[in-house]
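Each remark here refers to the structure printed beneath this line.
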Amino acid sequence: MSDIHTYEGAPEAEFRDYVALLKPRVMSLVVFTAFVGLWIAPQPIHPFLAFCAVLFIALGGGASGALNMWYDADIDAVMRRTQGRPIPSGRVSGAEALGLGIALSGLSVMMLGLAANWFAAGFLAFTIFFYAVVYTIWLKRWTPQNIVIGGAAGAFPPMIGWACATGGVSLESLLMFALIFFWTPPHFWALALFMKEDYHKAGVPMLTVTHGRAATRRHIFAYTLVLAPFAIWLGLTPVGGPLYMAVAVVLNALFIHGGWRILRRSEDQAQADGYGAERRFFKLSLYYTFLHFLALLVQHGMGTW
Amino acid sequence: MVMPLNNEHELHGRRRSRNVGLGLVLVGFVALVFALTVVKVRQGDSLEAFDHQPRVSILPRDEAAEAPAAQAPAAVEPATEEAQQ
């Protein structure tokens, strides 16, 4: 008898499954920070070229997301939050994700080179390599500092945007890097404190598991202290101004205060109020980057120092 | 149970979503490259590249040799080109 249910077990992918491989939510952060980096740079750039540059930076970020999903499919299948992703759910094969990731990497780098310049294109290629190979393949499963290394990959987009306009690196772009780089660890570790995902079962060393939750609290507070001077320093460069300074001072005071509260709590206190302080800190951290970069953008429109 | 052959399986909807999606992406890419070309050409950057024969117009500028010619009118330039050959 012919079987009309041949395909029922393995649902075919829809277009949106391939879009999901590119991690659109991560992409939105990349788009925003890359755009700000590009727009506030001293060299003016044609608006359409700016649009193309941001698009291809985002596509490069999406390509590295697909490569990450290809390599991490085994981890994603174990953790509840990621079980519905295209590869663990069987809609897209691992080989397809790998192919898509490599093809889009090549395309985005070449197109960025043609639209902007080859320094920015090389920088994008390095970022994809850093996220897909250095972070995902080499270090993520090996060290509890994986979050710090992953943060570097996330901190490159504003530098690439800046490089698209200026063709190089400068103090301002390095400080934008530092802003995201030192922000990422407290952001993710606060999440790790209250999400309690089974990274251990998946074989990913998380600071909360390897060094304990008290050590994680100390790390969070330490990073908020390290982060603040860089955020203020960025305000003293030519891209800064009174508005950015005001935003940076308020947000960093709040961030350090939040880190301090997390440090002073014991695990019992945190459990008693359902990780309220940790959740508030995480929410604040989302506003933290968004408002800093928004302030840079508005400051640029208002006129800088 | 009699099933008409033109009955559409849910699978076909998924395939259509892929086909239409990829089609739109490709059309969008063509439009993007065209617009990029228009913008690049209008910016007036050099469009010449190596064409299997050295040409003065794409050689790196020799500031020392150009210094006296800088004040001369532009029409003289073809003559200097011949003089170099």
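Following the order of the structure tokens, chains are lettered A, B, ..., residues in each are numbered from 1, and ligands are numbered from 1.
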Closest atom pairs, chain A residues within 9 Å of chain B, only C-alpha atoms, as a Markdown table:
```
| residue | atom | partner | partner_atom | distance |
| --- | --- | --- | --- | --- |
| A:Tyr7 | CA | B:Leu11 | CA | 8.0 |
| A:Glu8 | CA | B:Leu11 | CA | 9.0 |
| A:Pro11 | CA | B:Leu11 | CA | 7.7 |
| A:Glu12 | CA | B:Arg14 | CA | 6.7 |
| A:Ala13 | CA | B:Arg14 | CA | 6.5 |
| A:Glu14 | CA | B:Arg14 | CA | 4.8 |
| A:Phe15 | CA | B:Arg18 | CA | 4.4 |
| A:Arg16 | CA | B:Arg18 | CA | 8.1 |
| A:Tyr18 | CA | B:Arg18 | CA | 8.8 |
| A:His46 | CA | B:Val39 | CA | 8.2 |
| A:Phe48 | CA | B:Leu36 | CA | 7.6 |
| A:Leu49 | CA | B:Leu36 | CA | 7.1 |
| A:Cys52 | CA | B:Leu36 | CA | 8.0 |
| A:Ala115 | CA | B:Leu36 | CA | 7.1 |
```
Put those residues in a file: C-alpha atoms, as a PDB file, in the first residue's frame.
```
ATOM      1  CA  TYR A   7       6.218  13.486   5.006  1.00  0.00           C
ATOM      2  CA  GLU A   8       4.326  13.772   8.276  1.00  0.00           C
ATOM      3  CA  PRO A  11       7.939  18.683   8.389  1.00  0.00           C
ATOM      4  CA  GLU A  12       9.537  20.676   5.596  1.00  0.00           C
ATOM      5  CA  ALA A  13      10.945  24.068   6.368  1.00  0.00           C
ATOM      6  CA  GLU A  14       9.058  27.244   5.652  1.00  0.00           C
ATOM      7  CA  PHE A  15      10.805  30.433   4.644  1.00  0.00           C
ATOM      8  CA  ARG A  16      10.599  31.760   8.188  1.00  0.00           C
ATOM      9  CA  TYR A  18      15.555  29.978   7.393  1.00  0.00           C
ATOM     10  CA  HIS A  46      25.531  58.622   1.405  1.00  0.00           C
ATOM     11  CA  PHE A  48      21.758  54.614   0.672  1.00  0.00           C
ATOM     12  CA  LEU A  49      25.323  53.392   1.156  1.00  0.00           C
ATOM     13  CA  CYS A  52      23.481  48.907   2.409  1.00  0.00           C
ATOM     14  CA  ALA A 115      29.340  49.127  -0.747  1.00  0.00           C
TER      15      ALA A 115
END
```
Item to check | A:Leu21 surroundings by only C-alpha atoms, 8 Å radius, close-in-sequence under 5 positions cut, as a PyMOL selection string | outcome: chain A and resi 62+65-66+69+85-86+97
Mind writing the picked residues with N, CA and C atoms as a PDB file, in the first residue's frame?
```pdb
ATOM      1  N   GLY A  62      23.838  37.576  10.852  1.00  0.00           N
ATOM      2  CA  GLY A  62      22.894  36.471  10.662  1.00  0.00           C
ATOM      3  C   GLY A  62      23.603  35.209  10.217  1.00  0.00           C
ATOM      4  N   GLY A  65      25.129  33.640  13.049  1.00  0.00           N
ATOM      5  CA  GLY A  65      24.068  32.994  13.836  1.00  0.00           C
ATOM      6  C   GLY A  65      23.725  31.623  13.285  1.00  0.00           C
ATOM      7  N   ALA A  66      23.656  31.500  11.946  1.00  0.00           N
ATOM      8  CA  ALA A  66      23.356  30.215  11.319  1.00  0.00           C
ATOM      9  C   ALA A  66      24.472  29.210  11.588  1.00  0.00           C
ATOM     10  N   MET A  69      24.110  28.033  15.083  1.00  0.00           N
ATOM     11  CA  MET A  69      23.021  27.052  15.250  1.00  0.00           C
ATOM     12  C   MET A  69      23.414  25.695  14.679  1.00  0.00           C
ATOM     13  N   ARG A  85      14.113  25.494  17.992  1.00  0.00           N
ATOM     14  CA  ARG A  85      14.881  26.091  16.891  1.00  0.00           C
ATOM     15  C   ARG A  85      14.834  25.169  15.662  1.00  0.00           C
ATOM     16  N   PRO A  86      15.062  25.728  14.472  1.00  0.00           N
ATOM     17  CA  PRO A  86      14.856  24.956  13.234  1.00  0.00           C
ATOM     18  C   PRO A  86      15.602  23.627  13.169  1.00  0.00           C
ATOM     19  N   ALA A  97      21.999  24.470   7.252  1.00  0.00           N
ATOM     20  CA  ALA A  97      22.356  25.645   8.048  1.00  0.00           C
ATOM     21  C   ALA A  97      23.812  26.020   7.811  1.00  0.00           C
TER      22      ALA A  97
END
```
Item to check | Residues flagged alpha helix (DSSP H) by DSSP in stretch 149-276 of chain A, as number ranges by chain | outcome: A: 149-166, 171-195, 199-202, 207-210, 213-236, 242-264, 267-272, 276
Checklist entry - Using only C-alpha atoms, which of the listed residues (A:Ser266, A:Ser105, A:Ser173, A:Thr136) sits closest to A:Gly122? => result A:Ser105
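One distance worth recording is that between atom CA of A:Gly94 and atom CA of A:Asp76, which is 12.2 Å.
Near stretch 176-182 of chain A, within a cut-off of 9 Å and counting only C-alpha atoms, sit the residues Thr33, Gly37, Val148, Ile149, Gly150, Gly151, Ala152, Ala153, Gly154, Ala155, Phe156, Pro157, Pro158, Met159, Leu171, Glu172, Pro186, Tyr223, Thr224, Val226, Leu227, Ala228, Phe230, Ala231, Leu234, Thr289, His292 and Phe293 of chain A, with same-chain residues fewer than 4 positions away left out.
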Checklist entry - What separation in Å, quoted to one decimal, exists between atom CA of A:Thr143 and atom CA of A:Val209? => result 11.6 Å
